[in-house]
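The next block is final.cif, given as mmCIF, C-alpha atoms.
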```
data_work
#
loop_
_atom_site.label_atom_id
_atom_site.label_comp_id
_atom_site.auth_asym_id
_atom_site.auth_seq_id
_atom_site.Cartn_x
_atom_site.Cartn_y
_atom_site.Cartn_z
CA MET C 10 0.00 0.00 0.00
CA THR C 11 1.39 3.39 -0.99
CA PRO C 12 1.33 6.38 1.40
CA GLN C 13 -1.33 7.99 -0.80
CA GLN C 14 -3.53 4.90 -0.59
CA TYR C 15 -3.02 4.76 3.17
CA VAL C 16 -4.20 8.34 3.79
CA GLN C 17 -7.12 7.90 1.40
CA GLN C 18 -8.23 4.79 3.27
CA LYS C 19 -7.87 6.65 6.57
CA ALA C 20 -10.07 9.51 5.34
CA VAL C 21 -12.76 7.24 3.91
CA ALA C 22 -12.89 4.97 6.96
CA SER C 23 -13.46 7.90 9.30
CA GLY C 24 -16.83 8.74 7.72
CA SER C 25 -16.22 12.39 8.60
CA SER C 26 -18.17 15.27 7.10
CA PHE C 27 -14.87 16.73 5.92
CA TYR C 28 -14.38 13.93 3.41
CA TYR C 29 -17.39 14.98 1.33
CA ALA C 30 -16.01 18.48 0.89
CA PHE C 31 -12.67 17.10 -0.30
CA LEU C 32 -14.32 15.32 -3.23
CA PHE C 33 -14.81 18.55 -5.17
CA LEU C 34 -11.22 19.77 -4.97
CA PRO C 35 -8.66 19.54 -7.80
CA ALA C 36 -6.43 16.47 -7.47
CA PRO C 37 -3.31 18.17 -5.98
CA ARG C 38 -5.28 20.07 -3.34
CA ARG C 39 -7.39 17.00 -2.60
CA ALA C 40 -4.23 14.93 -2.06
CA ALA C 41 -2.82 17.58 0.30
CA ILE C 42 -5.94 17.99 2.44
CA THR C 43 -6.47 14.22 2.59
CA ALA C 44 -2.93 13.70 3.88
CA PHE C 45 -3.32 16.50 6.44
CA TYR C 46 -6.67 15.16 7.59
CA ALA C 47 -5.14 11.67 7.97
CA PHE C 48 -2.44 13.18 10.19
CA CYS C 49 -5.10 14.80 12.40
CA ARG C 50 -6.95 11.48 12.64
CA GLU C 51 -3.79 9.60 13.59
CA VAL C 52 -2.95 11.82 16.57
CA ASP C 53 -6.58 12.18 17.63
CA ASP C 54 -7.06 8.41 17.62
CA VAL C 55 -4.17 8.09 20.06
CA VAL C 56 -6.21 9.93 22.68
CA ASP C 57 -9.54 8.31 21.84
CA GLU C 58 -8.43 4.69 21.45
CA VAL C 59 -5.52 4.23 23.85
CA THR C 60 -6.87 3.64 27.36
CA ASP C 61 -3.55 3.91 29.20
CA PRO C 62 -2.59 7.61 29.53
CA GLY C 63 1.10 6.73 29.81
CA VAL C 64 1.06 4.81 26.52
CA ALA C 65 -0.90 7.65 24.87
CA ARG C 66 1.72 10.20 26.00
CA THR C 67 4.49 8.00 24.61
CA LYS C 68 2.75 7.75 21.25
CA LEU C 69 2.18 11.49 21.04
CA ALA C 70 5.85 12.06 21.88
CA TRP C 71 6.72 9.72 19.01
CA TRP C 72 4.55 11.81 16.69
CA GLN C 73 6.29 14.99 17.81
CA ALA C 74 9.63 13.42 16.93
CA GLU C 75 8.27 12.12 13.63
CA VAL C 76 7.09 15.58 12.60
CA ALA C 77 10.49 17.05 13.45
CA LYS C 78 12.24 14.35 11.41
CA ALA C 79 9.88 14.84 8.49
CA TYR C 80 10.68 18.56 8.28
CA ALA C 81 14.37 17.60 8.48
CA GLY C 82 13.85 15.48 5.36
CA GLN C 83 13.51 12.04 6.99
CA PRO C 84 9.80 11.07 7.22
CA THR C 85 9.03 7.42 8.00
CA HIS C 86 5.29 7.16 8.67
CA PRO C 87 3.00 6.80 5.58
CA VAL C 88 1.02 9.89 6.62
CA MET C 89 4.13 12.08 6.70
CA LEU C 90 5.42 10.55 3.46
CA ALA C 91 2.12 11.55 1.82
CA LEU C 92 1.97 15.01 3.43
CA MET C 93 5.51 16.35 3.05
CA PRO C 94 5.48 16.73 -0.78
CA HIS C 95 2.66 19.28 -0.32
CA ALA C 96 3.99 21.14 2.72
CA ALA C 97 5.98 23.77 0.84
CA ASP C 98 3.34 24.32 -1.87
CA TYR C 99 0.56 25.13 0.61
CA GLY C 100 2.49 26.69 3.49
CA ILE C 101 2.01 23.81 5.95
CA GLU C 102 4.54 24.56 8.66
CA GLN C 103 5.94 22.38 11.41
CA ARG C 104 4.34 24.60 14.07
CA HIS C 105 0.90 23.77 12.66
CA LEU C 106 1.36 20.02 13.12
CA GLN C 107 2.99 20.39 16.53
CA ALA C 108 0.08 22.57 17.69
CA VAL C 109 -2.41 19.84 16.75
CA ILE C 110 -0.38 17.34 18.80
CA ASP C 111 -0.30 19.80 21.73
CA GLY C 112 -4.09 20.04 21.59
CA CYS C 113 -4.40 16.25 21.78
CA GLN C 114 -2.03 16.22 24.77
CA MET C 115 -4.41 18.57 26.56
CA ASP C 116 -7.02 15.81 26.47
CA LEU C 117 -4.68 13.65 28.53
CA GLU C 118 -4.02 16.36 31.11
CA GLN C 119 -7.28 18.29 31.38
CA THR C 120 -10.86 16.99 31.29
CA ARG C 121 -12.72 20.10 32.55
CA TYR C 122 -12.60 23.80 31.68
CA LEU C 123 -13.52 26.52 34.15
CA ASP C 124 -14.85 28.98 31.57
CA PHE C 125 -15.27 29.51 27.85
CA ALA C 126 -11.95 31.34 27.58
CA GLY C 127 -10.13 28.19 28.67
CA LEU C 128 -12.17 26.01 26.31
CA LYS C 129 -11.47 28.43 23.46
CA GLY C 130 -7.72 27.97 23.97
CA TYR C 131 -8.13 24.21 23.58
CA CYS C 132 -10.32 24.66 20.49
CA HIS C 133 -7.69 26.93 18.93
CA LEU C 134 -5.19 24.06 18.91
CA VAL C 135 -7.45 21.21 17.78
CA ALA C 136 -9.73 23.15 15.40
CA GLY C 137 -8.53 26.71 14.71
CA ILE C 138 -5.10 25.58 13.51
CA VAL C 139 -6.73 22.87 11.42
CA GLY C 140 -8.97 25.49 9.82
CA GLU C 141 -5.99 27.72 9.07
CA VAL C 142 -4.09 24.91 7.30
CA ALA C 143 -7.22 23.85 5.40
CA ALA C 144 -7.80 27.42 4.19
CA ARG C 145 -4.23 27.54 2.87
CA ILE C 146 -4.71 24.29 0.99
CA PHE C 147 -8.05 25.37 -0.48
CA GLY C 148 -6.42 28.58 -1.71
CA GLN C 149 -6.53 32.11 -0.34
CA THR C 150 -5.27 35.61 -1.00
CA ASP C 151 -3.11 37.58 1.42
CA ASP C 152 -6.18 39.03 3.12
CA PRO C 153 -5.82 38.26 6.86
CA ARG C 154 -9.60 38.11 7.21
CA THR C 155 -9.57 34.69 5.52
CA THR C 156 -7.30 33.29 8.23
CA GLU C 157 -9.54 34.84 10.88
CA TYR C 158 -12.56 33.33 9.13
CA ALA C 159 -10.88 29.89 9.18
CA HIS C 160 -10.15 30.08 12.93
CA THR C 161 -13.70 31.24 13.74
CA LEU C 162 -15.27 28.55 11.58
CA GLY C 163 -13.02 25.93 13.17
CA LEU C 164 -14.23 27.06 16.60
CA ALA C 165 -17.85 26.72 15.44
CA PHE C 166 -17.11 23.19 14.16
CA GLN C 167 -15.52 22.18 17.44
CA LEU C 168 -18.40 23.54 19.52
CA THR C 169 -20.79 21.57 17.31
CA ASN C 170 -18.71 18.45 17.94
CA ILE C 171 -18.77 19.10 21.69
CA ILE C 172 -22.57 19.44 21.65
CA ARG C 173 -22.95 16.27 19.59
CA ASP C 174 -20.52 14.21 21.70
CA VAL C 175 -21.53 15.23 25.24
CA GLY C 176 -22.62 11.67 26.06
CA GLU C 177 -19.64 9.93 24.46
CA ASP C 178 -17.14 12.28 26.08
CA ALA C 179 -18.79 11.75 29.47
CA MET C 180 -18.19 8.01 29.14
CA LEU C 181 -14.47 8.83 28.78
CA GLY C 182 -14.61 11.06 31.86
CA ARG C 183 -14.47 14.33 29.90
CA ILE C 184 -16.91 17.22 30.14
CA TYR C 185 -15.98 20.04 27.80
CA LEU C 186 -18.91 22.26 28.78
CA PRO C 187 -17.44 25.10 30.91
CA VAL C 188 -17.88 24.67 34.66
CA ASN C 189 -19.20 28.21 35.20
CA GLU C 190 -21.91 27.60 32.58
CA LEU C 191 -22.90 24.33 34.23
CA GLN C 192 -23.30 26.30 37.44
CA GLN C 193 -25.23 29.05 35.64
CA PHE C 194 -27.88 26.53 34.53
CA ASP C 195 -27.64 24.44 37.73
CA VAL C 196 -26.57 21.30 35.83
CA LYS C 197 -24.47 18.93 37.94
CA ALA C 198 -21.56 16.99 36.44
CA HIS C 199 -22.90 13.71 37.84
CA GLU C 200 -26.17 14.25 35.92
CA ILE C 201 -24.24 14.31 32.67
CA LEU C 202 -22.13 11.31 33.67
CA LYS C 203 -25.34 9.38 34.52
CA ARG C 204 -27.05 10.58 31.30
CA THR C 205 -29.87 12.31 33.14
CA TYR C 206 -31.95 14.71 31.04
CA SER C 207 -33.72 17.74 32.49
CA ASP C 208 -35.11 21.08 31.44
CA ARG C 209 -31.99 22.64 32.93
CA PHE C 210 -29.76 20.49 30.70
CA THR C 211 -31.83 21.40 27.64
CA ALA C 212 -31.51 25.11 28.47
CA LEU C 213 -27.74 24.71 28.87
CA MET C 214 -27.42 22.99 25.49
CA ARG C 215 -29.60 25.59 23.81
CA PHE C 216 -27.22 28.22 25.16
CA GLN C 217 -24.27 26.32 23.65
CA ALA C 218 -26.05 25.96 20.29
CA GLU C 219 -26.89 29.66 20.10
CA ARG C 220 -23.22 30.51 20.63
CA ALA C 221 -22.22 28.10 17.87
CA HIS C 222 -24.76 29.68 15.50
CA ARG C 223 -23.33 33.14 16.24
CA LEU C 224 -19.85 31.88 15.40
CA TYR C 225 -21.04 30.45 12.08
CA ASP C 226 -22.56 33.83 11.19
CA GLU C 227 -19.43 35.62 12.36
CA ALA C 228 -17.13 33.41 10.30
CA LEU C 229 -19.12 33.75 7.09
CA ALA C 230 -19.26 37.53 7.50
CA LEU C 231 -15.45 37.61 7.77
CA LEU C 232 -14.78 35.71 4.53
CA PRO C 233 -13.72 38.17 1.78
CA ASP C 234 -15.53 37.93 -1.56
CA ALA C 235 -12.20 37.40 -3.31
CA ASP C 236 -11.67 34.12 -1.44
CA ARG C 237 -15.25 32.85 -1.35
CA ARG C 238 -14.93 30.73 -4.48
CA ALA C 239 -11.67 29.09 -3.38
CA GLN C 240 -13.04 28.45 0.10
CA LYS C 241 -16.07 26.52 -1.14
CA PRO C 242 -14.95 23.32 0.63
CA GLY C 243 -15.06 25.20 3.93
CA LEU C 244 -18.54 26.46 3.08
CA MET C 245 -19.57 22.88 2.30
CA MET C 246 -18.39 21.78 5.72
CA ALA C 247 -20.21 24.72 7.31
CA SER C 248 -23.40 23.65 5.55
CA ILE C 249 -23.03 20.05 6.76
CA TYR C 250 -22.09 20.95 10.33
CA ARG C 251 -24.78 23.59 10.74
CA THR C 252 -27.39 21.20 9.39
CA LEU C 253 -26.21 18.68 11.98
CA LEU C 254 -26.54 21.31 14.70
CA ARG C 255 -30.11 22.03 13.60
CA GLU C 256 -30.89 18.31 13.69
CA ILE C 257 -29.63 18.14 17.27
CA GLU C 258 -31.81 21.14 18.17
CA HIS C 259 -34.80 19.54 16.46
CA ASP C 260 -34.21 16.39 18.53
CA ASN C 261 -34.29 18.53 21.69
CA PHE C 262 -30.61 17.85 22.48
CA GLN C 263 -31.01 14.12 23.14
CA VAL C 264 -27.23 13.67 23.01
CA LEU C 265 -26.47 11.91 26.28
CA HIS C 266 -27.48 8.42 25.11
CA GLN C 267 -26.85 8.63 21.38
CA ARG C 268 -24.78 10.29 18.70
CA ILE C 269 -26.94 12.18 16.21
CA LYS C 270 -25.56 11.97 12.67
CA LEU C 271 -26.44 12.87 9.10
CA THR C 272 -26.54 10.13 6.49
CA PRO C 273 -23.70 9.98 3.93
CA LEU C 274 -26.15 10.77 1.13
CA ARG C 275 -27.39 13.87 2.90
CA LYS C 276 -23.83 15.06 3.51
CA PHE C 277 -23.02 14.59 -0.16
CA TRP C 278 -26.18 16.44 -1.17
CA LEU C 279 -25.36 19.41 1.05
CA ALA C 280 -21.81 19.56 -0.30
CA TRP C 281 -22.97 19.25 -3.91
CA LYS C 282 -25.54 21.98 -3.44
CA VAL C 283 -22.85 24.46 -2.39
CA GLN C 284 -20.66 23.37 -5.30
CA ALA C 285 -23.37 23.44 -7.95
CA LEU C 286 -25.46 26.42 -6.90
CA GLY C 287 -22.57 28.47 -5.57
CA ALA C 288 -24.53 29.18 -2.39
CA ASP C 289 -23.98 28.54 1.29
CA VAL C 290 -27.64 28.87 2.17
CA ASP C 291 -27.60 26.01 4.65
CA ALA C 292 -24.69 27.63 6.47
CA VAL C 293 -26.14 31.10 6.86
CA GLY C 294 -29.82 30.44 7.38
CA PRO C 295 -32.97 28.94 5.85
CA PRO C 296 -32.73 28.16 2.12
CA ALA C 297 -33.66 30.99 -0.22
CA PRO C 298 -36.64 30.33 -2.54
CA MET C 299 -35.72 28.97 -5.97
CA ASN C 300 -37.66 29.26 -9.18
CA GLY C 301 -38.93 26.14 -10.94
CA ARG C 302 -36.03 25.79 -13.33
CA ARG C 303 -33.33 25.96 -10.63
CA LEU C 304 -35.31 23.62 -8.41
CA LYS C 305 -35.60 21.02 -11.21
CA VAL C 306 -31.87 21.17 -11.84
CA ALA C 307 -31.11 20.92 -8.13
CA VAL C 308 -33.29 17.85 -7.65
CA HIS C 309 -32.80 15.98 -10.93
CA GLY C 310 -29.49 17.25 -12.24
CA CYS C 311 -27.14 15.15 -10.12
CA ARG C 312 -26.45 11.45 -10.61
CA LEU C 313 -24.95 9.82 -7.55
CA GLY C 314 -23.86 6.77 -9.55
CA GLY C 315 -25.63 3.67 -10.84
CA HIS C 316 -28.88 3.62 -12.77
CA GLY C 317 -31.46 3.34 -10.02
CA ARG C 318 -34.80 5.09 -10.35
CA ARG C 319 -35.59 8.10 -8.23
CA HIS C 320 -38.10 8.07 -5.43
CA ARG C 321 -41.61 8.78 -6.71
CA PRO C 322 -44.01 9.58 -3.87
CA HIS C 323 -47.05 9.39 -6.20
CA ALA C 324 -46.09 6.45 -8.42
CA GLY C 325 -49.62 5.03 -8.27
CA ARG C 326 -51.25 8.18 -9.61
CA PRO C 327 -52.27 7.95 -13.32
CA PRO C 328 -49.63 9.95 -15.20
CA SER C 329 -51.22 12.86 -17.04
CA HIS C 330 -48.28 13.19 -19.41
CA ARG C 331 -48.19 9.59 -20.75
CA VAL C 332 -48.29 9.38 -24.53
CA ARG C 333 -49.86 6.62 -26.64
CA GLY C 334 -48.00 3.38 -26.75
CA ARG C 335 -46.31 1.26 -24.18
CA PRO C 336 -44.38 3.16 -21.49
CA HIS C 337 -40.64 2.69 -21.46
CA ARG C 338 -39.79 -0.47 -19.50
CA GLY C 339 -36.01 -0.43 -19.45
CA ARG C 340 -33.44 1.80 -17.89
CA ALA C 341 -34.55 5.33 -17.18
CA ARG C 342 -33.90 7.40 -20.29
CA THR C 343 -32.21 10.75 -20.44
CA ARG C 344 -33.31 13.94 -22.11
CA GLY C 345 -31.39 15.32 -25.03
CA ARG C 346 -28.96 13.84 -27.52
CA GLY C 347 -26.54 16.53 -28.60
CA HIS C 348 -25.93 17.95 -25.14
CA ALA C 349 -25.16 16.58 -21.70
CA ALA C 350 -28.11 14.40 -20.75
CA ARG C 351 -29.97 15.00 -17.53
CA TRP C 352 -32.12 12.55 -15.61
CA HIS C 353 -35.78 13.45 -15.73
CA PRO C 354 -38.74 11.88 -13.93
CA ARG C 355 -40.85 11.86 -17.08
CA HIS C 356 -38.98 8.84 -18.37
CA THR C 357 -39.06 6.71 -15.24
CA ARG C 358 -41.27 3.65 -15.28
CA GLN C 359 -44.82 4.21 -14.04
CA ARG C 360 -47.51 1.74 -13.02
CA PRO C 361 -50.37 1.56 -15.57
CA ALA C 362 -53.48 3.47 -14.62
CA HIS C 363 -55.93 0.72 -15.74
CA PRO C 364 -55.67 -3.05 -16.41
CA ASP C 365 -56.91 -2.52 -20.01
CA TRP C 366 -54.54 0.30 -20.82
CA ARG C 367 -52.94 -1.69 -23.67
CA LEU C 368 -56.19 -2.34 -25.48
CA ARG C 369 -57.63 1.17 -25.47
CA ARG C 370 -61.03 -0.23 -26.62
CA LYS C 371 -64.06 1.87 -27.41
CA PRO C 372 -67.11 1.40 -25.15
CA ALA C 373 -69.31 -1.56 -26.26
CA PRO C 374 -72.78 -0.60 -27.67
CA ASP C 375 -75.82 -1.41 -25.55
CA ALA C 376 -79.06 -2.97 -26.77
CA ALA C 377 -80.54 0.40 -27.81
CA GLY C 378 -77.61 1.08 -30.10
CA GLY C 379 -76.04 3.61 -27.82
CA CYS C 380 -72.87 3.29 -25.83
CA ARG C 381 -72.66 2.20 -22.24
CA ARG C 382 -71.03 4.79 -20.02
#
```

Would you write out, as structure tokens, the structure that this file holds?
Amino acid sequence: MTPQQYVQQKAVASGSSFYYAFLFLPAPRRAAITAFYAFCREVDDVVDEVTDPGVARTKLAWWQAEVAKAYAGQPTHPVMLALMPHAADYGIEQRHLQAVIDGCQMDLEQTRYLDFAGLKGYCHLVAGIVGEVAARIFGQTDDPRTTEYAHTLGLAFQLTNIIRDVGEDAMLGRIYLPVNELQQFDVKAHEILKRTYSDRFTALMRFQAERAHRLYDEALALLPDADRRAQKPGLMMASIYRTLLREIEHDNFQVLHQRIKLTPLRKFWLAWKVQALGADVDAVGPPAPMNGRRLKVAVHGCRLGGHGRRHRPHAGRPPSHRVRGRPHRGRARTRGRGHAARWHPRHTRQRPAHPDWRLRRKPAPDAAGGCRR
């Protein structure tokens, strides 16, 4: 297995929302962000999967040494072998990778945060730095607002993760929600550890979600117009993550006993919508109304692979647009010959409206010579 295949497998296996945004990048940038994401997964998995803190510290120390060797021209791990060819092209510096490792080390040393300022420092290392590197790989001008946008958006992502993973983190003995905010809403740590829901817990989580929404709005307002096109992958991730946050809100923050997720197809759809329509409507607020033509293209203009028929909620209804002759019984046809074909529901197979639809007989005459109706 080559280093490139290794990092690709690592990214796919994670099932992360980030992967779907990477699909739309040009090959060189996609290779760079995939390798960087695989590095982040490697060091993060050390903390999440290694139960012995001493062993986890040893592994993170090994990664610190590996990063130093890689920037000295001697990488050994497949992730670093895949990442280093892109480091100079996209401004990925050693301090960026070491900061991510430092953030993971904090998980071994600190499981509670007194206030949001302390939590924000942790998020800067594990999410803000990641956002900064990602923005460089996606492509940006020298405008410092883009870097600020990346850090703010990374903070919003991390707060969304914290909201989603409250229950899972509690099982590992970690509570990232600030202590002073737990006290503000009179939520006890043991209630979270025992997965006990209450109106007080719901109010606390709503407070956390509102802060995350403000950060999404703040980040998108910071992004300069000159960099908006290049930063589309970040906008795709914002669309996916903010949709996830809304799903958690809709489920009334039932996050102590389960992990609320979006399906892979929905993640792909949200990413494609930003790519195709050039809009980040799901990131900034409710979708804007679309006219009929744009709506048809949005719904029917994307093939996700294969030749399966689309969902038809009214398949049993007699089709008003059927022409004479037998309906098409094979693979769904496409419109147009001389231009790029587009799937269209008109050509999908429909159930016949009447058992005698093939015969199309005239009404039989009755005894009086008329026609029975």

Q.
List the spatial neighbours of stretch 261-268 of chain C as a ChimeraX atom specification - criterion: any atom at most 7 Å away, all atoms listed in the file, same-chain residues fewer than 4 positions off excluded.
A. /C:173-176,204,211,214,257

Contacts of C:Phe125 at 9 Å or less, counting all atoms listed in the file, minus same-chain residues fewer than 5 places along, as a PDB file with C-alpha atoms, in the frame of the given file?
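Okay, result04.pdb is ready:
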```pdb
ATOM      1  CA  GLY C 130      -7.720  27.970  23.970  1.00  0.00           C
ATOM      2  CA  LEU C 186     -18.910  22.260  28.780  1.00  0.00           C
ATOM      3  CA  PRO C 187     -17.440  25.100  30.910  1.00  0.00           C
ATOM      4  CA  VAL C 188     -17.880  24.670  34.660  1.00  0.00           C
ATOM      5  CA  ASN C 189     -19.200  28.210  35.200  1.00  0.00           C
ATOM      6  CA  GLU C 190     -21.910  27.600  32.580  1.00  0.00           C
TER       7      GLU C 190
END
```

Q: One decimal, Å: what's the distance from atom CA of C:Asp195 over to atom CA of C:Ser207, could you say?
A: 10.5 Å

Return as a short mmCIF file (atom, residue, chain, number, x, y, z; two decimals) with C-alpha atoms, keeping the file's coordinate frame the set of residues that the PyMOL selection byres ((chain C and resi 106-111) around 8) yields on the displayed structure.
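So part_3.cif came out as:
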```cif
data_model
loop_
_atom_site.label_atom_id
_atom_site.label_comp_id
_atom_site.auth_asym_id
_atom_site.auth_seq_id
_atom_site.Cartn_x
_atom_site.Cartn_y
_atom_site.Cartn_z
CA CYS C 49 -5.10 14.80 12.40
CA VAL C 52 -2.95 11.82 16.57
CA LEU C 69 2.18 11.49 21.04
CA TRP C 72 4.55 11.81 16.69
CA GLN C 73 6.29 14.99 17.81
CA VAL C 76 7.09 15.58 12.60
CA GLU C 102 4.54 24.56 8.66
CA GLN C 103 5.94 22.38 11.41
CA ARG C 104 4.34 24.60 14.07
CA HIS C 105 0.90 23.77 12.66
CA GLY C 112 -4.09 20.04 21.59
CA CYS C 113 -4.40 16.25 21.78
CA GLN C 114 -2.03 16.22 24.77
CA MET C 115 -4.41 18.57 26.56
CA LEU C 134 -5.19 24.06 18.91
CA VAL C 135 -7.45 21.21 17.78
CA ILE C 138 -5.10 25.58 13.51
CA VAL C 139 -6.73 22.87 11.42
#
```

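When all atoms listed in the file are used to measure the gap to C:Ile171, the shortest distance among C:Leu254, C:Arg238, C:Asp124, C:Lys203 belongs to C:Leu254.
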
Q | Nearest residue to C:Ala91 from the set C:Thr11, C:Thr155, C:Gln192, C:Ser26 (distances using all atoms listed in the file) | A | C:Thr11

Q | 8 Å contact set for stretch 18-23 of chain C, only C-alpha atoms, chain neighbours under 3 positions out, as a list in words | A |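 Non-adjacent residues within range: Gln14, Tyr15, Tyr28, Thr43, Tyr46, Ala47 and Arg50 of chain C.
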
Q.
Just to confirm, what's the straight-line distance from atom CA of C:Arg209 to atom CA of C:Val196 in Å (one decimal)?
A.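 Between atom CA of C:Arg209 and atom CA of C:Val196 the gap works out to 6.3 Å.
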
Q | Residues in the PyMOL selection byres ((chain C and resi 162) around 10), expressed as a list in words | A |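 Applied to this file, the PyMOL selection byres ((chain C and resi 162) around 10) selects Ala136, Gly137, Gly140, Glu141, Thr156, Glu157, Tyr158, Ala159, His160, Thr161, Gly163, Leu164, Ala165, Phe166, Gln167, Leu168, Ala221, Leu224, Tyr225, Asp226, Glu227, Ala228, Leu229, Leu231, Gly243, Leu244, Met246 and Ala247 of chain C.
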
(Q) Could you tell me how far atom CA of C:Lys270 sits from atom CA of C:Phe194, in Å to one decimal place? (A)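 We find that atom CA of C:Phe194 and atom CA of C:Lys270 lie 26.4 Å from each other.
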
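Proximity of C:Ala70, C:Val16, C:Val64, C:Leu32 to C:Ala44, computed with only C-alpha atoms, is greatest for C:Val16.
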
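Between C:Asp236 and the candidates C:His259, C:Lys197, C:Arg220, C:Arg154, the tightest atom-to-atom separation, counting all atoms listed in the file, involves C:Arg154.
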
Selection result of the PyMOL selection byres ((chain C and resi 280) around 9) on this file, as a compact mmCIF listing (two decimals) with C-alpha atoms, in the coordinates of the input:
```txt
# COMPACT_ATOMS: atom_id res chain seq x y z
CA TYR C 29 -17.39 14.98 1.33
CA ALA C 30 -16.01 18.48 0.89
CA PHE C 33 -14.81 18.55 -5.17
CA PRO C 242 -14.95 23.32 0.63
CA LEU C 244 -18.54 26.46 3.08
CA MET C 245 -19.57 22.88 2.30
CA MET C 246 -18.39 21.78 5.72
CA SER C 248 -23.40 23.65 5.55
CA ILE C 249 -23.03 20.05 6.76
CA ARG C 275 -27.39 13.87 2.90
CA LYS C 276 -23.83 15.06 3.51
CA PHE C 277 -23.02 14.59 -0.16
CA TRP C 278 -26.18 16.44 -1.17
CA LEU C 279 -25.36 19.41 1.05
CA TRP C 281 -22.97 19.25 -3.91
CA LYS C 282 -25.54 21.98 -3.44
CA VAL C 283 -22.85 24.46 -2.39
CA GLN C 284 -20.66 23.37 -5.30
CA ALA C 285 -23.37 23.44 -7.95
```

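Shortest atom-to-atom contact with C:Glu256 among C:Leu232, C:Thr169, C:Ile201, C:Pro12: C:Thr169, counting all atoms listed in the file.
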
Q. Taking only C-alpha atoms into account, which of C:Glu219, C:Glu177, C:Glu51, C:Asp61 comes nearest C:Leu117?
A.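 Checking each candidate against C:Leu117, we get C:Asp61 as the closest.
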